[in-house]
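Here is the file structure23.cif (mmCIF, C-alpha atoms).
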data_target
#
loop_
_atom_site.label_atom_id
_atom_site.label_comp_id
_atom_site.auth_asym_id
_atom_site.auth_seq_id
_atom_site.Cartn_x
_atom_site.Cartn_y
_atom_site.Cartn_z
CA MET X 886 3.16 -24.03 7.60
CA LYS X 887 1.15 -20.98 8.63
CA VAL X 888 3.02 -17.67 8.94
CA PHE X 889 2.04 -14.30 10.43
CA ILE X 890 3.67 -11.03 9.32
CA SER X 891 3.39 -7.77 11.24
CA ALA X 892 4.39 -4.91 8.92
CA ASP X 893 5.44 -1.35 9.73
CA ILE X 894 6.95 1.41 7.59
CA GLU X 895 9.49 3.40 9.68
CA GLY X 896 12.06 0.61 9.31
CA THR X 897 11.65 0.38 5.54
CA ALA X 898 14.82 0.76 3.47
CA GLY X 899 15.63 4.37 2.65
CA ILE X 900 13.11 6.10 4.90
CA SER X 901 14.36 9.13 6.84
CA SER X 902 11.49 11.61 7.20
CA TRP X 903 7.97 11.67 8.62
CA ASP X 904 6.90 13.12 5.25
CA GLU X 905 7.58 9.64 3.88
CA ALA X 906 5.61 7.80 6.57
CA ARG X 907 2.40 9.83 6.83
CA LYS X 908 -0.43 9.72 4.29
CA SER X 909 -0.41 13.50 4.01
CA GLY X 910 3.32 13.59 3.25
CA PRO X 911 4.71 14.17 -0.26
CA GLY X 912 6.96 11.11 0.00
CA TYR X 913 4.32 8.70 1.33
CA ALA X 914 3.23 7.20 -2.00
CA GLU X 915 6.83 6.22 -2.81
CA PHE X 916 7.52 4.62 0.57
CA ARG X 917 4.16 2.89 0.63
CA GLU X 918 5.42 1.09 -2.47
CA TYR X 919 8.68 0.14 -0.70
CA MET X 920 6.80 -1.07 2.39
CA SER X 921 4.57 -3.21 0.20
CA ALA X 922 7.55 -4.60 -1.72
CA GLU X 923 9.26 -5.67 1.51
CA VAL X 924 6.08 -7.41 2.67
CA VAL X 925 5.84 -9.21 -0.69
CA ALA X 926 9.48 -10.30 -0.34
CA ALA X 927 8.74 -11.75 3.11
CA CYS X 928 5.67 -13.56 1.74
CA GLU X 929 7.73 -15.04 -1.11
CA GLY X 930 10.42 -16.17 1.31
CA ALA X 931 7.78 -17.83 3.47
CA ARG X 932 6.30 -19.58 0.46
CA ALA X 933 9.71 -20.83 -0.64
CA ALA X 934 10.19 -22.30 2.85
CA GLY X 935 6.93 -24.23 2.59
CA ALA X 936 4.27 -21.87 3.96
CA SER X 937 0.80 -22.67 2.65
CA GLU X 938 -0.86 -19.69 4.36
CA VAL X 939 0.43 -16.21 5.16
CA VAL X 940 -1.48 -13.57 7.11
CA VAL X 941 -0.23 -9.97 6.97
CA LYS X 942 -1.25 -7.35 9.55
CA ASP X 943 -0.68 -3.83 8.29
CA GLY X 944 0.59 -2.16 11.46
CA HIS X 945 1.34 1.43 10.48
CA GLU X 946 -0.74 4.50 11.35
CA THR X 947 -4.14 3.95 9.65
CA ALA X 948 -3.24 0.29 8.99
CA ARG X 949 -4.18 0.87 5.35
CA ASN X 950 -0.78 1.13 3.72
CA VAL X 951 0.20 -2.19 2.15
CA ILE X 952 -1.02 -2.30 -1.46
CA SER X 953 -3.19 -5.40 -1.57
CA ALA X 954 -2.87 -5.86 -5.33
CA ARG X 955 0.86 -6.47 -4.92
CA LEU X 956 0.33 -9.48 -2.62
CA PRO X 957 0.43 -13.12 -3.78
CA ASP X 958 -2.87 -15.03 -3.87
CA TYR X 959 -2.03 -17.20 -0.85
CA VAL X 960 -1.90 -14.13 1.43
CA THR X 961 -4.64 -12.71 3.68
CA ILE X 962 -4.19 -9.02 4.51
CA ILE X 963 -5.70 -7.38 7.61
CA HIS X 964 -6.21 -3.64 7.09
CA GLY X 965 -7.53 -1.24 9.73
CA TRP X 966 -7.69 -1.38 13.54
CA PRO X 967 -10.44 -3.57 15.04
CA GLY X 968 -9.60 -2.16 18.48
CA ASN X 969 -8.72 -5.44 20.20
CA PRO X 970 -5.75 -5.93 22.58
CA HIS X 971 -3.62 -7.60 19.88
CA SER X 972 -3.23 -4.31 17.97
CA MET X 973 -0.28 -4.73 15.54
CA MET X 974 -0.60 -8.50 16.03
CA CYS X 975 -4.34 -8.65 15.28
CA GLY X 976 -5.15 -11.96 13.60
CA LEU X 977 -2.51 -13.98 15.44
CA ASP X 978 -3.57 -17.08 17.35
CA ASP X 979 -2.18 -20.44 18.45
CA SER X 980 -2.60 -21.96 14.97
CA PHE X 981 0.45 -20.15 13.53
CA ASP X 982 3.92 -21.69 13.23
CA ALA X 983 5.99 -18.50 13.08
CA VAL X 984 5.88 -14.71 13.30
CA LEU X 985 7.86 -12.32 11.06
CA PHE X 986 8.30 -8.54 11.38
CA THR X 987 9.05 -6.20 8.47
CA GLY X 988 9.74 -2.48 8.46
CA TYR X 989 10.20 -2.31 12.24
CA HIS X 990 12.02 0.57 13.87
CA ALA X 991 14.08 1.53 16.90
CA LYS X 992 12.47 2.41 20.22
CA ALA X 993 11.80 5.93 21.48
CA GLY X 994 15.01 7.51 22.70
CA SER X 995 17.24 5.66 20.23
CA SER X 996 19.47 7.32 17.63
CA ALA X 997 19.32 4.26 15.36
CA ASN X 998 16.54 5.70 13.23
CA PRO X 999 15.47 9.34 12.66
CA LEU X 1000 11.88 8.09 13.04
CA ALA X 1001 12.52 6.16 16.26
CA HIS X 1002 9.48 6.11 18.54
CA SER X 1003 7.35 3.75 20.60
CA PHE X 1004 3.75 3.26 19.46
CA ASN X 1005 2.52 6.87 19.21
CA GLY X 1006 3.24 10.50 19.95
CA ARG X 1007 1.69 10.33 23.43
CA ILE X 1008 4.41 8.00 24.66
CA SER X 1009 7.95 9.28 25.16
CA ARG X 1010 9.34 6.08 26.71
CA PHE X 1011 8.10 2.49 27.08
CA TYR X 1012 9.56 0.13 29.71
CA PHE X 1013 9.10 -3.64 29.83
CA ASN X 1014 10.29 -5.27 33.08
CA GLY X 1015 12.65 -2.40 33.76
CA GLU X 1016 14.17 -2.21 30.27
CA LEU X 1017 13.64 0.67 27.84
CA SER X 1018 11.79 -1.21 25.13
CA SER X 1019 10.13 -1.09 21.73
CA GLU X 1020 7.02 -2.07 19.83
CA PHE X 1021 8.90 -5.24 18.89
CA THR X 1022 9.35 -6.19 22.56
CA HIS X 1023 5.64 -5.96 23.27
CA ASN X 1024 4.64 -7.72 20.05
CA ALA X 1025 7.16 -10.54 20.42
CA HIS X 1026 5.62 -11.26 23.81
CA ILE X 1027 2.16 -11.33 22.23
CA ALA X 1028 3.55 -14.02 19.91
CA ALA X 1029 4.99 -15.87 22.90
CA TYR X 1030 1.63 -15.64 24.68
CA HIS X 1031 0.26 -17.74 21.82
CA ARG X 1032 3.33 -20.03 21.87
CA VAL X 1033 4.39 -18.85 18.40
CA PRO X 1034 8.13 -18.33 17.71
CA THR X 1035 9.42 -14.93 16.55
CA VAL X 1036 11.83 -15.96 13.79
CA PHE X 1037 12.62 -12.92 11.61
CA ILE X 1038 12.80 -9.13 11.66
CA SER X 1039 13.82 -6.47 9.15
CA GLY X 1040 14.28 -2.81 9.97
CA ASP X 1041 17.00 -0.47 11.20
CA ALA X 1042 20.14 -1.75 12.87
CA GLY X 1043 18.93 -0.61 16.28
CA ILE X 1044 15.77 -2.68 16.35
CA CYS X 1045 17.59 -5.66 14.83
CA GLY X 1046 20.12 -5.47 17.67
CA ASP X 1047 17.37 -5.25 20.28
CA ALA X 1048 15.58 -8.21 18.68
CA SER X 1049 18.74 -10.31 18.78
CA ALA X 1050 19.20 -9.47 22.46
CA LEU X 1051 15.69 -10.75 23.24
CA VAL X 1052 15.70 -13.66 20.76
CA PRO X 1053 19.32 -14.73 20.08
CA ALA X 1054 18.31 -17.16 17.33
CA ILE X 1055 16.21 -14.66 15.37
CA ALA X 1056 17.19 -13.90 11.76
CA THR X 1057 17.66 -10.17 11.09
CA VAL X 1058 18.05 -7.94 8.06
CA ALA X 1059 19.24 -4.46 9.05
CA VAL X 1060 18.34 -2.30 6.07
CA SER X 1061 19.48 1.04 7.52
CA THR X 1062 21.43 2.88 10.20
CA GLY X 1063 20.53 6.26 11.65
CA ILE X 1064 22.86 9.24 11.31
CA GLY X 1065 21.21 11.94 13.39
CA PRO X 1066 18.24 13.14 11.31
CA ALA X 1067 19.41 11.08 8.31
CA SER X 1068 19.88 7.40 7.50
CA ALA X 1069 22.35 5.24 5.57
CA SER X 1070 20.36 2.54 3.82
CA MET X 1071 20.39 -0.37 1.42
CA THR X 1072 18.59 0.20 -1.86
CA PRO X 1073 15.00 -1.10 -1.87
CA ALA X 1074 15.91 -3.82 -4.37
CA ARG X 1075 18.72 -5.17 -2.20
CA ALA X 1076 16.56 -4.97 0.92
CA CYS X 1077 13.83 -7.02 -0.74
CA ALA X 1078 16.33 -9.64 -1.94
CA GLU X 1079 17.83 -10.00 1.54
CA ILE X 1080 14.42 -10.12 3.22
CA ARG X 1081 13.23 -12.85 0.87
CA SER X 1082 16.30 -15.03 1.39
CA GLY X 1083 16.44 -14.24 5.13
CA VAL X 1084 12.83 -15.29 5.69
CA GLU X 1085 13.27 -18.50 3.72
CA LYS X 1086 16.37 -19.42 5.69
CA ALA X 1087 14.75 -18.52 9.03
CA LEU X 1088 11.69 -20.66 8.37
CA LYS X 1089 13.83 -23.64 7.39
CA ALA X 1090 15.76 -23.45 10.67
CA ASP X 1091 14.76 -24.66 14.15
CA LEU X 1092 11.70 -22.51 14.87
CA SER X 1093 11.50 -23.61 18.50
CA ALA X 1094 14.80 -21.83 19.20
CA CYS X 1095 13.01 -18.52 18.59
CA LEU X 1096 10.21 -18.91 21.12
CA VAL X 1097 10.38 -16.05 23.63
CA GLN X 1098 10.13 -17.20 27.24
CA MET X 1099 7.34 -15.46 29.08
CA PRO X 1100 8.27 -13.91 32.45
CA ASP X 1101 6.31 -14.81 35.57
CA GLU X 1102 5.09 -11.22 35.80
CA VAL X 1103 5.21 -8.23 33.46
CA ASP X 1104 5.95 -4.77 34.82
CA MET X 1105 4.92 -2.33 32.07
CA GLN X 1106 5.75 1.32 32.57
CA ILE X 1107 4.79 4.13 30.23
CA GLU X 1108 6.27 7.61 30.31
CA TYR X 1109 3.91 10.03 28.60
CA ALA X 1110 4.88 13.22 26.83
CA ASN X 1111 2.14 15.06 28.74
CA PRO X 1112 1.22 14.71 32.43
CA THR X 1113 -2.48 15.02 31.66
CA GLU X 1114 -2.27 11.76 29.69
CA ALA X 1115 -0.64 10.02 32.65
CA TYR X 1116 -3.32 11.31 35.02
CA ARG X 1117 -6.17 10.30 32.71
CA CYS X 1118 -4.78 6.80 32.18
CA SER X 1119 -4.07 6.32 35.89
CA TRP X 1120 -7.79 5.59 36.36
CA TYR X 1121 -7.46 2.30 34.52
CA PRO X 1122 -7.96 -0.53 37.09
CA GLY X 1123 -4.59 -1.60 38.51
CA ALA X 1124 -2.59 1.30 37.06
CA GLU X 1125 -0.22 3.17 39.39
CA LEU X 1126 0.82 6.78 38.84
CA MET X 1127 4.56 6.83 39.65
CA SER X 1128 5.29 10.47 38.78
CA ASP X 1129 3.69 13.30 36.82
CA CYS X 1130 4.29 11.55 33.50
CA ARG X 1131 4.99 7.92 34.38
CA LEU X 1132 2.47 5.12 34.84
CA ARG X 1133 2.92 1.47 35.86
CA PHE X 1134 0.80 -1.59 35.28
CA ARG X 1135 1.87 -5.01 36.59
CA HIS X 1136 0.22 -8.38 36.11
CA LYS X 1137 1.06 -12.08 35.97
CA ASP X 1138 -1.38 -12.68 33.09
CA PHE X 1139 0.07 -11.16 29.94
CA PHE X 1140 -3.35 -10.86 28.36
CA GLU X 1141 -4.22 -8.36 31.10
CA VAL X 1142 -1.09 -6.39 30.15
CA MET X 1143 -2.22 -6.45 26.50
CA ARG X 1144 -5.70 -5.31 27.52
CA ALA X 1145 -4.33 -2.51 29.73
CA PHE X 1146 -2.07 -1.25 26.97
CA ARG X 1147 -5.05 -1.10 24.61
CA PHE X 1148 -6.59 1.54 26.90
CA ILE X 1149 -3.59 3.37 28.38
CA GLY X 1150 -1.07 3.12 25.53
#

Take the structure in the file and write it out as structure tokens.
Amino acid sequence: MKVFISADIEGTAGISSWDEARKSGPGYAEFREYMSAEVVAACEGARAAGASEVVVKDGHETARNVISARLPDYVTIIHGWPGNPHSMMCGLDDSFDAVLFTGYHAKAGSSANPLAHSFNGRISRFYFNGELSSEFTHNAHIAAYHRVPTVFISGDAGICGDASALVPAIATVAVSTGIGPASASMTPARACAEIRSGVEKALKADLSACLVQMPDEVDMQIEYANPTEAYRCSWYPGAELMSDCRLRFRHKDFFEVMRAFRFIG
């Protein structure tokens, strides 16, 4: 079994401030440890379920957060951003059996996490076929593009709920719940224990039940925080400027959607 893990930090147990998520922040070193521990827990769960190979894509900010020395020897870690259309899913291809997500967070506009956002500070809202959506939505469809099931996610309760709505059979571990600018969270130790057991159970279940069905066409709409961003990105081939801050890109080939997002997202 070959397993791919996309790892973020804003859905890590206990996190509640950008000072804990950014390299310049005083709390970053502590939460980098927690992010790494949750990734290790997912790797161990995958191994217990029979995985012989695990690839981890560090998907937060600089993509140099997961502490490599903490990882088991059967893991390959991808640090940094090559700049290809796969982004947080860089390294994924048709050879994988399952995709896992750790540390994922609620979409922009949600109250489920004080750090809720979608991709970056330029984007205030992200819509996927008419639905206000998240990084998970886009990345789960990248997995589906390669015919790889999305079987597990850990993060805040908001993103876990959204994941279950898209993939009813997905296994989830909701480590926290937003309370305005605060969060109520499991301890890191409990989160790691539940992630490990949740991943093992998910990978021993029917993986095919977690394969996202690709739509015939994808209508991606991005609402930018600044109208100058929308205008600049409107020059991408096929993009339509819908209003001062909102841009649309539609295509039947999801790879073209991935490619467009690489340049306008």

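Once the PyMOL selection byres ((chain X and resi 1020-1025) around 7) is applied to the shown structure, the selection contains Met974, Ser1003, Phe1004, Ser1018, Ser1019, His1026, Ile1027, Ala1028, Ala1029 and Thr1035 of chain X.
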
Residues of stretch 930-1011 of chain X at most 10 Å from stretch 902-907 of chain X: nearest atom pair and distance in Å, all atoms listed in the file, as a Markdown table:
| residue | atom | partner | partner_atom | distance |
| --- | --- | --- | --- | --- |
| X:His945 | CA | X:Ala906 | CA | 8.6 |
| X:Glu946 | CA | X:Arg907 | CA | 7.7 |
| X:Thr947 | CA | X:Arg907 | CA | 9.2 |
| X:Asn950 | CA | X:Ala906 | CA | 9.7 |
| X:Asn998 | CA | X:Ser902 | CA | 9.8 |
| X:Pro999 | CA | X:Ser902 | CA | 7.1 |
| X:Leu1000 | CA | X:Ser902 | CA | 6.8 |

Checklist entry - Can you list what the PyMOL selection byres ((chain X and resi 1066-1082) around 6) grabs from this structure, as a count of residues only? => result 17

Checklist entry - What is the atom CA of X:Val1097-atom CA of X:Pro1034 distance in Å, reported with one decimal? => result 6.7 Å

Checklist entry - Between X:Lys1137, X:Arg1117, X:His1031, X:His964, which is the closest to X:Asp979 once you count only C-alpha atoms? => result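 Of the candidates, the smallest distance to X:Asp979 is held by X:His1031.
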
Checklist entry - Expressed in Å to a single decimal, how great is the separation between atom CA of X:Val1036 and atom CA of X:Leu1096? => result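 Atom-to-atom, atom CA of X:Val1036 to atom CA of X:Leu1096, that is 8.1 Å.
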
Would you compute the box with edges along x, y and z of the file around stretch 1061-1079 of chain X, including every atom the file lists for it and 6 Å extra on each side, and give its centre and edge lengths in Å to one decimal, as JSON?
{"center_x": 18.3, "center_y": 1.6, "center_z": 4.5, "size_x": 21.0, "size_y": 35.1, "size_z": 29.8}

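Minimum distance to X:Glu895 across X:Arg955, X:Arg1135, X:Arg917, X:His971 (counting all atoms listed in the file) occurs at X:Arg917.
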
Next on the checklist: Please determine, counting only C-alpha atoms, which residue among X:Ser1009, X:Thr1113, X:Gln1098, X:Thr897 has the shortest atom-to-atom distance to X:Ile1038.
Outcome noted: X:Thr897

Item to check | Selection dump of the PyMOL selection byres ((chain X and resi 1056-1059) around 6), as a list in words | outcome: Phe1037, Ile1038, Ser1039, Gly1040, Asp1041, Ala1042, Cys1045, Ile1055, Val1060, Ser1061 and Ala1087 of chain X

Write a file of the selected residues as a short mmCIF file (atom, residue, chain, number, x, y, z; two decimals), keeping the file's coordinate frame, keeping C-alpha atoms.
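Result saved to out_18.cif:
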data_model
loop_
_atom_site.label_atom_id
_atom_site.label_comp_id
_atom_site.auth_asym_id
_atom_site.auth_seq_id
_atom_site.Cartn_x
_atom_site.Cartn_y
_atom_site.Cartn_z
CA PHE X 1037 12.62 -12.92 11.61
CA ILE X 1038 12.80 -9.13 11.66
CA SER X 1039 13.82 -6.47 9.15
CA GLY X 1040 14.28 -2.81 9.97
CA ASP X 1041 17.00 -0.47 11.20
CA ALA X 1042 20.14 -1.75 12.87
CA CYS X 1045 17.59 -5.66 14.83
CA ILE X 1055 16.21 -14.66 15.37
CA VAL X 1060 18.34 -2.30 6.07
CA SER X 1061 19.48 1.04 7.52
CA ALA X 1087 14.75 -18.52 9.03
#

Checklist entry - In Å, how far is it from atom CA of X:Met1099 to atom CA of X:Tyr1030? => result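 Separating atom CA of X:Met1099 from atom CA of X:Tyr1030 is a distance of 7.2 Å.
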
Item to check | X:Tyr1116 environment, 10 Å, all atoms listed in the file, sequence neighbours closer than 4 positions dropped, as an MDAnalysis selection string | outcome: chainID X and resid 1109 1111:1112 1120:1121 1125:1126 1128:1132

Checklist entry - So, counting all atoms listed in the file, which residue among X:Cys1118, X:Ala892, X:Val939, X:Val925 is closest to X:Ser972? => result X:Ala892

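For the set X:Glu918, X:Asp943, X:Glu1016, X:Asp1104, the residue with the smallest atom-to-atom gap to X:Gly976 is X:Asp943, counting only C-alpha atoms.
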
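Counting only C-alpha atoms and comparing X:Arg1032, X:Gly1150, X:Gly994, X:Glu915, the residue that lies closest to X:Leu1017 is X:Gly994.
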